[in-house]
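K.L.:
The structure that follows is given in the form of structure tokens.
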Amino acid sequence: MATMLGQSDPANSPLGRMLLDEITPVVMVLRTPLVEEACLKNGLNLVELLTPFSSFNNIDVPVRTASDQPYRLQKFKLRLCYASDIRQPNLEVAKERLKEVITHAGEKDFSNLCSDPPRIEDVLSSPESQILPSWFQFFNKELVRSLSFSDHEAFDHPVACLLVVSTKDEQPLNRFVDLFNTNQLPSLLNDGVMDPKILKYYLLVHDNQDASSEKADKILTEMRSTFGSNDCRLLCINSSQDGSVEHKDNPWVPFKNNASFSQPLGCFLNIDDFSEMKDLMQDFSSKHIIPHMEQKIRVLNQQVSATRKGFRNQIKNLWWRKGKEDTPEASNGPMYTFSSIESQIRVLADYAFMLRDYELALSNYRLLSTDYKLDKALKRYAGVQEMMGLTYFLLDQSRKEAEYCMENAFNTYFKIGSSGQQNATRCGLWWVEMLKTRDQYKEAASVYFRLSGEEPLHSAVMLEQASYCYLFSKPPMLHKYGFHLVLSGDHYKKCDQIKHAIRTYRGALSVYKGTMWSYIKDHVHFHIGKWYAFLGMFDVAVPHMLEVLTCGHQSKATQDLFLREFLQIVQQTGKKFEVFKLQLPAINIPSVKVIFEDYRTYASPAAASVRESLWQSLEEDVIPSLPTIRTNWLESQPKNISKNHKQCNLCVTGEAIKVDVEFKNPLQIPISISNVSLICELSVSSEETDSDANSSTSELQSDETSRKLIISREQASNNSFTLSEADFSLGGGERIMSLFYGSSVDGVVAALVQLTVTPRIEGILKIVGVRWKLSDCMVGFHNFESNIVKKKIAKGRRKAKQSPSDNMTFLVIKSLPKLEGSIHHLSEKVYAGDLRPLVLELRNQSEFPVKNVKMKISSPRFLNVGSREILNTEFPACLQKKTDPEQVHANHNKKSQTVFLFPEDTLIQGGTPFLWPLWLRAAVPGNIPLYITIYYEMGEISNHMRYRTLRMYHNLQVLPSLDLSFRISFCPSRLKEFLVRMDAVNKTTSESFQIHQLSSVGNQWEISLLQPVETMIPSELMAGQALSCFFKLENVRKSTTPEDKTSLLAHREGSDVKLGSDGSNETLFDVCSSPLADFHICERMHQEGSHQEHPNSVDFILISRPSKENINTGLLDPPRLFSHHISRCKIDSTSPIWWLMEGPRTINHNFSSSFCEVKLKITLYNSSDSSASIFIQSLDSNPSTGQLSDVMAGSSGNQAGWYDASLVNDIKVTTDVLGMKPGKPPSMDSVSQFIWSGSSSIKVEVEPMSTAEVPLQVCVFYPGTYDLSNYALHWNLLSPKHEGSHGKCPGSPFYLTVLESA
């Protein structure tokens, strides 16, 4: 037995309250038309009038169970129904009613759908009652009521009949008898489904507005004498005469289906009427309905106990039903009338359930379940299983049994087919509430999903309720919550419930917002926007359509659909939207570059893109070294500038500020962009304007007194500043890859769009952002984030602490002179060694002159400054050697060898071009950046700026041409002569060269030919061809004093060899004069780090020209010349000491008289810059002892005495002496053939770059050919800087032939 105490009682749960409302005793109401007429004066019919008083929260009626256990019934409710309504509802009418409920709910809730959807965090923190739509409960009740009065259930069978007659009716007693005529009774009673013998209660209604109650009392007395005194009652209504009663808490409003009332409900009912109706229903329930049901339960229980309970009755019942297993299954099984034992058991169970005797109800449901299962009455079996599950729940006993019964009933209803679909829905709703009460939201969601059938509107509601179950799960299942909302919205759309579809999609949007689920986000935003537009709410639709514009992950067809729908919606609005941070096209904000010119100006956009640190390092020797300028140039501004303005960047009136903005089309379809321009603000202050005119002004007024002009694109006609515009189209997936400046470009493939703003007046200019027009229908704008914009400013010259908000703010000062520069004849692509003249042109369009001009070049190895005189000379004639003694030597008009100072009288103004010559030489292959900075001063024109710099940048691509290498070897027959081998390879693919001249640099060396030019140098060196040729090099250097060394570096003379094929017709070029000498100095300086200076190194310069065929093919090209500089070529020797043995090579001597004495000498030369100690040691011992093997490097022919005859061919000696030898000479093992006479070792000291002679003498005892190389030379440099530098060299081969004289 269930008690109704405590909040934990299942009866207090949502399902328990629902069962209390839906499974309660039904009272059939029969009334006359005059009764309805009296009630309708209050805007209510009879049932509506009595319904608020039919529900009791504390009726407190004592009840006894069938086993005489007492309990008190607290909550009770009656369902009043007209007899005409006691029938199974029409399915189509029920669907239309449900559709009206949903439509009405959509209209009611739609007012809240114009705001932003809630964040998912806020949804999770809200109580369940605020999240769930309020109409869900009403919809579920209507869905359950659509199954009322089914033939297989008894809780909808009328328990009693309320017969109501008016005192105005003629012969009221006869009217009571006529009301219960079978013609007016429901068909279910006439067909035998329900028991027609039900409790009757007679109510006489009297309208107090018609007459006094005397007639009513008389009729009531007659009624009691006829129908019984306990079953009759009088009800007086409409006691208010004027009908002006207003009820503060009107009890009829919740039960009135139509919310629009033509008159106040219950306007003729006063407090006395309220009390009468309340007492009526209280008395009717407690003294008639409940006792009647209690009595019927006792009677039915006795009958069931006598016929079905007990072992004998059970065996009898099973035997009687034996054989029914073979009958086919049916939805209702055999026909059961109200008098059948099965129907009686069902009535008993349902009555016990409605009176809260759940134990008795459960026992009878179990008993009946077996019968219906054996009879294969599936619908009745499912209904009993359904009630068993609810009874288990209310008993709070076995949860497992309760869920099993509900699932069994649910599946059985579905098994029946379409006739059981509605019952399955009601079973599922009760099952869901059972699971939700136990916090089994995930399982409840699966039941809702199973309830979603083929009917779209029904499925939409069930899927939406399933989504909320996933939301309330622990932990929340957000993805399934959002996904089921989307499914629900899709079904709503199929039923034309657009507002509900928007509501569910908005709920899903709170889940997917901020996630990486791009496809479903696009789907949700697109359909929400499309549906809003369908409802005519374009202002709300556009923001959602904007979210799907950058759908680069979608297919091309989908992107085209999104963009087309978006543009169509925007056009339907009839106005142009301005959207902040419009994402189409995408703007790369971190890459935005601001290029402006203060004291730093740029000759080209390429120069502006160079790193500021590189320009700073180049300008260190150019810009005046003032401490304030070195730290922050803004600190050098006058004191009369406001502190707020000191943080601004500086720009000049009339000079454009350029902003490079990168646009990208994230879509695969083309888009059209037009009217792209900057968004700027300009503030003009009178004090700021006059600051340059009156330098004595102490301080500017605050910014609050300044006049601020915010000028957009349409307002630029006031000449405060001008803005550039750009129009272009972007193809699918393309990015703007090259720079353009405001013209209309279609299908451009560029890198950035460069937008400009040019201030025309002085003041404070702020660049706010960029704006554009998409497809000529929507304006987008984007503000620049100042802390991520890359500004082209000198970071080293900015204050360490600077507010990011001022990064795009400029202090505009009055117009100043500005140099414009260009270099003529500078090609972008040249070959290595290319030497050509260039012309630097500078212009100043201002009337104010600039002075104190100086220039610094980053790579003097490639670019050098020429002398002004060569402007009027021809190239290459200006490089040829002059016949007069005066030569133009290297250019020394430099500051610290790096800064070029233009003449002091140089003034540039008025647009007159200023020209100065430059020399270009492509030193090595590669991509060579050339940086040039030009400094100039402007005088006292402005207090803000006294000087400016012009920065120029060019990228030079140098291709390989001639690859040269030199090798220098000793000449075996001369002490200071060397053999030079030059190897040249033409590395080009199409160019041919003519070798013109080879020069050695410096006065130490003299180069000459070994053979005629025609035999060693081809007329031209073709592409890919190699060349090797030999020259003689002589060391003519006498001394190496420090003064001489300095003069050699400053003015290096040299010798030249003419290699041209037409020889005498061409003049040699002067390699000792500018620019060849200047470039050669740069080459030597460049190689100082990798090559140590050596006194015996040689520098070569090879000069070539393009072949005449190449020249003729390009008639418009200027003459070309190539110079190749090779520095510090060393001689193939590791010893600084050179020596040469001199003496006779062939001697005739008569050995019969005496041995032969031969006088020799060794000439020593010290090629180092330090004194050297030289030790010569002669070796006379026999080679077999191994003494000479340590000294002489190798050849077995280096032996004293006679040689074998085969050596004659090796040493190229022709003589007939060997044929005249008298007999066999003595054995070489017994005696030495020659010996060194005199001192066996000699030590000398030789000064730097000096020679010394050492006399030697050898005694020969037999005729023959001897190699006098059996000596060793030890040397040691005596200078401290060469400490530890010493070596040991074997003797050089010297062959002496001694012949026997006649």
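Each chain in the structure tokens gets a letter, A, B and so on, in the order shown; residues start at 1 in every chain, and ligands are counted from 1 in the order they appear.
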Please provide as a list of chain:residue names all residues within 6 Å of segment 862-878 of chain A, with the sequence filter that same-chain residues fewer than 5 positions apart are discarded (counting only C-alpha atoms).
P.N.:
A:Pro917, A:Leu918, A:Trp919, A:Leu920, A:Arg921, A:Ala922, A:Ala923
K.L.:
Just want the 6 Å neighbourhood of segment 675-678 of chain A, counted on only C-alpha atoms, with same-chain residues fewer than 2 positions away dropped. Output as a ChimeraX atom specification.
P.N.:
/A:725-727,769-773
K.L.:
Would you kindly return, as a list of chain:residue names, each protein, DNA or RNA residue with an atom no farther than 6 Å from any atom of Ala1272 of chain A, considering only C-alpha atoms and excluding same-chain residues fewer than 3 positions away?
P.N.:
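Those residues are A:Ile1176, A:Gln1177, A:Val1191, A:Cys1289, A:Pro1290, A:Gly1291.
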K.L.:
Which residue is closest to Leu1068 of chain A? Choose from A:Ser1104, A:Gln1004, A:Ser126, A:Asn301 and count only C-alpha atoms.
P.N.:
A:Ser1104
K.L.:
DSSP on the backbone, then: every residue of segment 309-499 of chain A marked alpha helix (DSSP H), written as a PyMOL selection string.
P.N.:
chain A and resi 311-320+341-354+358-375+378-395+399-416+421-437+441-451+456-472+478-494+498-499
K.L.:
Using only C-alpha atoms, determine which residues lie at most 9 Å from segment 242-246 of chain A, disregarding the query and same-chain residues fewer than 2 positions distant; provide the list as a list in words.
P.N.:
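With the cut-off at 9 Å, the set is Lys41, Asn42, Asn238, Ser239, Ser240, Lys248, Asn250, Pro264, Leu265, Gly266, Cys267, Phe268, Leu269 and Asn270 of chain A.
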K.L.:
Using only C-alpha atoms, which residues sit within 9 Å of Asn719 of chain A once same-chain residues fewer than 3 positions away are excluded, as a ChimeraX atom specification?
P.N.:
/A:716,722,759-761
K.L.:
Find the residues around segment 486-498 of chain A up to 6 Å (only C-alpha atoms counted), leave out those fewer than 4 positions away in its own chain, and share them as a list in words.
P.N.:
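The residues that qualify are Pro456, Ala460, Leu463, Glu464, Thr504 and Tyr505 of chain A.
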K.L.:
Do you know which residues are at most 10 Å from Cys39 of chain A counting only C-alpha atoms, after dropping those on the same chain fewer than 3 positions away, and could you put them as a PDB file with N, CA, C and O atoms, in the first residue's frame?
P.N.:
ATOM      1  N   PRO A  33     -30.443  22.237 -22.482  1.00  0.00           N
ATOM      2  CA  PRO A  33     -29.940  23.473 -23.095  1.00  0.00           C
ATOM      3  C   PRO A  33     -30.078  24.692 -22.209  1.00  0.00           C
ATOM      4  O   PRO A  33     -29.232  25.592 -22.245  1.00  0.00           O
ATOM      5  N   LEU A  34     -31.117  24.735 -21.386  1.00  0.00           N
ATOM      6  CA  LEU A  34     -31.287  25.903 -20.529  1.00  0.00           C
ATOM      7  C   LEU A  34     -30.205  25.980 -19.465  1.00  0.00           C
ATOM      8  O   LEU A  34     -29.854  27.069 -19.003  1.00  0.00           O
ATOM      9  N   VAL A  35     -29.661  24.849 -19.085  1.00  0.00           N
ATOM     10  CA  VAL A  35     -28.539  24.850 -18.134  1.00  0.00           C
ATOM     11  C   VAL A  35     -27.304  25.488 -18.782  1.00  0.00           C
ATOM     12  O   VAL A  35     -26.624  26.329 -18.182  1.00  0.00           O
ATOM     13  N   GLU A  36     -27.094  25.114 -20.008  1.00  0.00           N
ATOM     14  CA  GLU A  36     -25.947  25.692 -20.720  1.00  0.00           C
ATOM     15  C   GLU A  36     -26.144  27.190 -20.920  1.00  0.00           C
ATOM     16  O   GLU A  36     -25.197  27.984 -20.811  1.00  0.00           O
ATOM     17  N   ASN A  42     -21.661  33.530 -18.095  1.00  0.00           N
ATOM     18  CA  ASN A  42     -20.330  33.760 -17.515  1.00  0.00           C
ATOM     19  C   ASN A  42     -19.196  33.427 -18.490  1.00  0.00           C
ATOM     20  O   ASN A  42     -18.037  33.372 -18.083  1.00  0.00           O
ATOM     21  N   GLY A  43     -19.550  33.149 -19.744  1.00  0.00           N
ATOM     22  CA  GLY A  43     -18.534  32.803 -20.731  1.00  0.00           C
ATOM     23  C   GLY A  43     -18.017  31.397 -20.564  1.00  0.00           C
ATOM     24  O   GLY A  43     -16.945  31.067 -21.079  1.00  0.00           O
ATOM     25  N   LEU A  44     -18.787  30.533 -19.871  1.00  0.00           N
ATOM     26  CA  LEU A  44     -18.356  29.176 -19.576  1.00  0.00           C
ATOM     27  C   LEU A  44     -19.519  28.219 -19.796  1.00  0.00           C
ATOM     28  O   LEU A  44     -20.677  28.568 -19.550  1.00  0.00           O
ATOM     29  N   ASN A  45     -19.176  27.009 -20.249  1.00  0.00           N
ATOM     30  CA  ASN A  45     -20.198  25.973 -20.258  1.00  0.00           C
ATOM     31  C   ASN A  45     -20.210  25.286 -18.899  1.00  0.00           C
ATOM     32  O   ASN A  45     -19.442  25.629 -17.992  1.00  0.00           O
ATOM     33  N   LEU A  46     -21.086  24.317 -18.745  1.00  0.00           N
ATOM     34  CA  LEU A  46     -21.265  23.688 -17.430  1.00  0.00           C
ATOM     35  C   LEU A  46     -20.012  22.962 -16.974  1.00  0.00           C
ATOM     36  O   LEU A  46     -19.599  23.071 -15.803  1.00  0.00           O
ATOM     37  N   VAL A  47     -19.401  22.177 -17.874  1.00  0.00           N
ATOM     38  CA  VAL A  47     -18.183  21.436 -17.512  1.00  0.00           C
ATOM     39  C   VAL A  47     -17.070  22.404 -17.136  1.00  0.00           C
ATOM     40  O   VAL A  47     -16.355  22.209 -16.145  1.00  0.00           O
ATOM     41  N   GLU A  48     -16.906  23.480 -17.924  1.00  0.00           N
ATOM     42  CA  GLU A  48     -15.858  24.466 -17.614  1.00  0.00           C
ATOM     43  C   GLU A  48     -16.151  25.180 -16.313  1.00  0.00           C
ATOM     44  O   GLU A  48     -15.228  25.509 -15.559  1.00  0.00           O
ATOM     45  N   LEU A  49     -17.448  25.361 -15.996  1.00  0.00           N
ATOM     46  CA  LEU A  49     -17.809  26.043 -14.769  1.00  0.00           C
ATOM     47  C   LEU A  49     -17.437  25.221 -13.540  1.00  0.00           C
ATOM     48  O   LEU A  49     -16.965  25.769 -12.527  1.00  0.00           O
ATOM     49  N   VAL A 205     -30.194  23.206 -11.386  1.00  0.00           N
ATOM     50  CA  VAL A 205     -29.490  24.493 -11.483  1.00  0.00           C
ATOM     51  C   VAL A 205     -30.538  25.599 -11.534  1.00  0.00           C
ATOM     52  O   VAL A 205     -31.490  25.553 -12.345  1.00  0.00           O
ATOM     53  N   ASP A 207     -30.979  29.817 -11.877  1.00  0.00           N
ATOM     54  CA  ASP A 207     -30.369  31.099 -12.213  1.00  0.00           C
ATOM     55  C   ASP A 207     -31.041  32.168 -11.366  1.00  0.00           C
ATOM     56  O   ASP A 207     -32.252  32.454 -11.532  1.00  0.00           O
ATOM     57  N   ILE A 237     -26.776  29.797  -9.176  1.00  0.00           N
ATOM     58  CA  ILE A 237     -25.665  30.537  -9.797  1.00  0.00           C
ATOM     59  C   ILE A 237     -26.157  31.902 -10.246  1.00  0.00           C
ATOM     60  O   ILE A 237     -27.351  32.208 -10.151  1.00  0.00           O
ATOM     61  N   ASN A 238     -25.233  32.704 -10.729  1.00  0.00           N
ATOM     62  CA  ASN A 238     -25.497  34.042 -11.281  1.00  0.00           C
ATOM     63  C   ASN A 238     -26.179  34.934 -10.249  1.00  0.00           C
ATOM     64  O   ASN A 238     -27.195  35.585 -10.506  1.00  0.00           O
ATOM     65  N   GLY A 266     -16.869  34.270 -15.426  1.00  0.00           N
ATOM     66  CA  GLY A 266     -17.513  34.250 -14.116  1.00  0.00           C
ATOM     67  C   GLY A 266     -17.961  35.601 -13.627  1.00  0.00           C
ATOM     68  O   GLY A 266     -17.969  35.845 -12.412  1.00  0.00           O
ATOM     69  N   PHE A 268     -20.896  36.879 -13.429  1.00  0.00           N
ATOM     70  CA  PHE A 268     -22.149  36.895 -12.659  1.00  0.00           C
ATOM     71  C   PHE A 268     -22.063  36.008 -11.421  1.00  0.00           C
ATOM     72  O   PHE A 268     -23.090  35.763 -10.768  1.00  0.00           O
ATOM     73  N   LEU A 269     -20.908  35.510 -11.135  1.00  0.00           N
ATOM     74  CA  LEU A 269     -20.733  34.595 -10.003  1.00  0.00           C
ATOM     75  C   LEU A 269     -20.064  35.328  -8.854  1.00  0.00           C
ATOM     76  O   LEU A 269     -18.951  35.827  -9.000  1.00  0.00           O
TER      77      LEU A 269
END
K.L.:
Taking only C-alpha atoms into account, name the residue in A:Leu879, A:Val144, A:Val542, A:Leu1121 that is nearest to Trp430 of chain A.
P.N.:
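Checking each of A:Leu879, A:Val144, A:Val542, A:Leu1121 against Trp430 of chain A, counting only C-alpha atoms, the winner is A:Val144.
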K.L.:
What is the distance, in Å and to one decimal place, between atom CA of Asp522 of chain A and atom CA of Gln130 of chain A?
P.N.:
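Separating atom CA of Asp522 of chain A from atom CA of Gln130 of chain A is a distance of 27.7 Å.
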K.L.:
Within 12 Å of segment 159-162 of chain A, which residues of segment 337-358 of chain A show up? Give each one with its shortest atom-to-atom distance in Å (one decimal) and the two atoms involved, counting only C-alpha atoms, rows by chain then rising residue number, as a Markdown table.
P.N.:
| residue | atom | partner | partner_atom | distance |
| --- | --- | --- | --- | --- |
| A:Val347 | CA | A:Val159 | CA | 10.2 |
| A:Asp350 | CA | A:Val159 | CA | 11.2 |
| A:Tyr351 | CA | A:Val159 | CA | 9.1 |
| A:Met354 | CA | A:Val159 | CA | 11.1 |
K.L.:
Restricting it to C-alpha atoms, dump the selection as an mmCIF file, in the first residue's frame.
P.N.:
data_model
loop_
_atom_site.group_PDB
_atom_site.id
_atom_site.type_symbol
_atom_site.label_atom_id
_atom_site.label_comp_id
_atom_site.auth_asym_id
_atom_site.auth_seq_id
_atom_site.Cartn_x
_atom_site.Cartn_y
_atom_site.Cartn_z
ATOM 1 C CA VAL A 347 -12.263 -2.391 -13.875
ATOM 2 C CA ASP A 350 -8.197 0.520 -12.606
ATOM 3 C CA TYR A 351 -10.550 1.505 -9.747
ATOM 4 C CA MET A 354 -7.419 5.522 -9.057
#
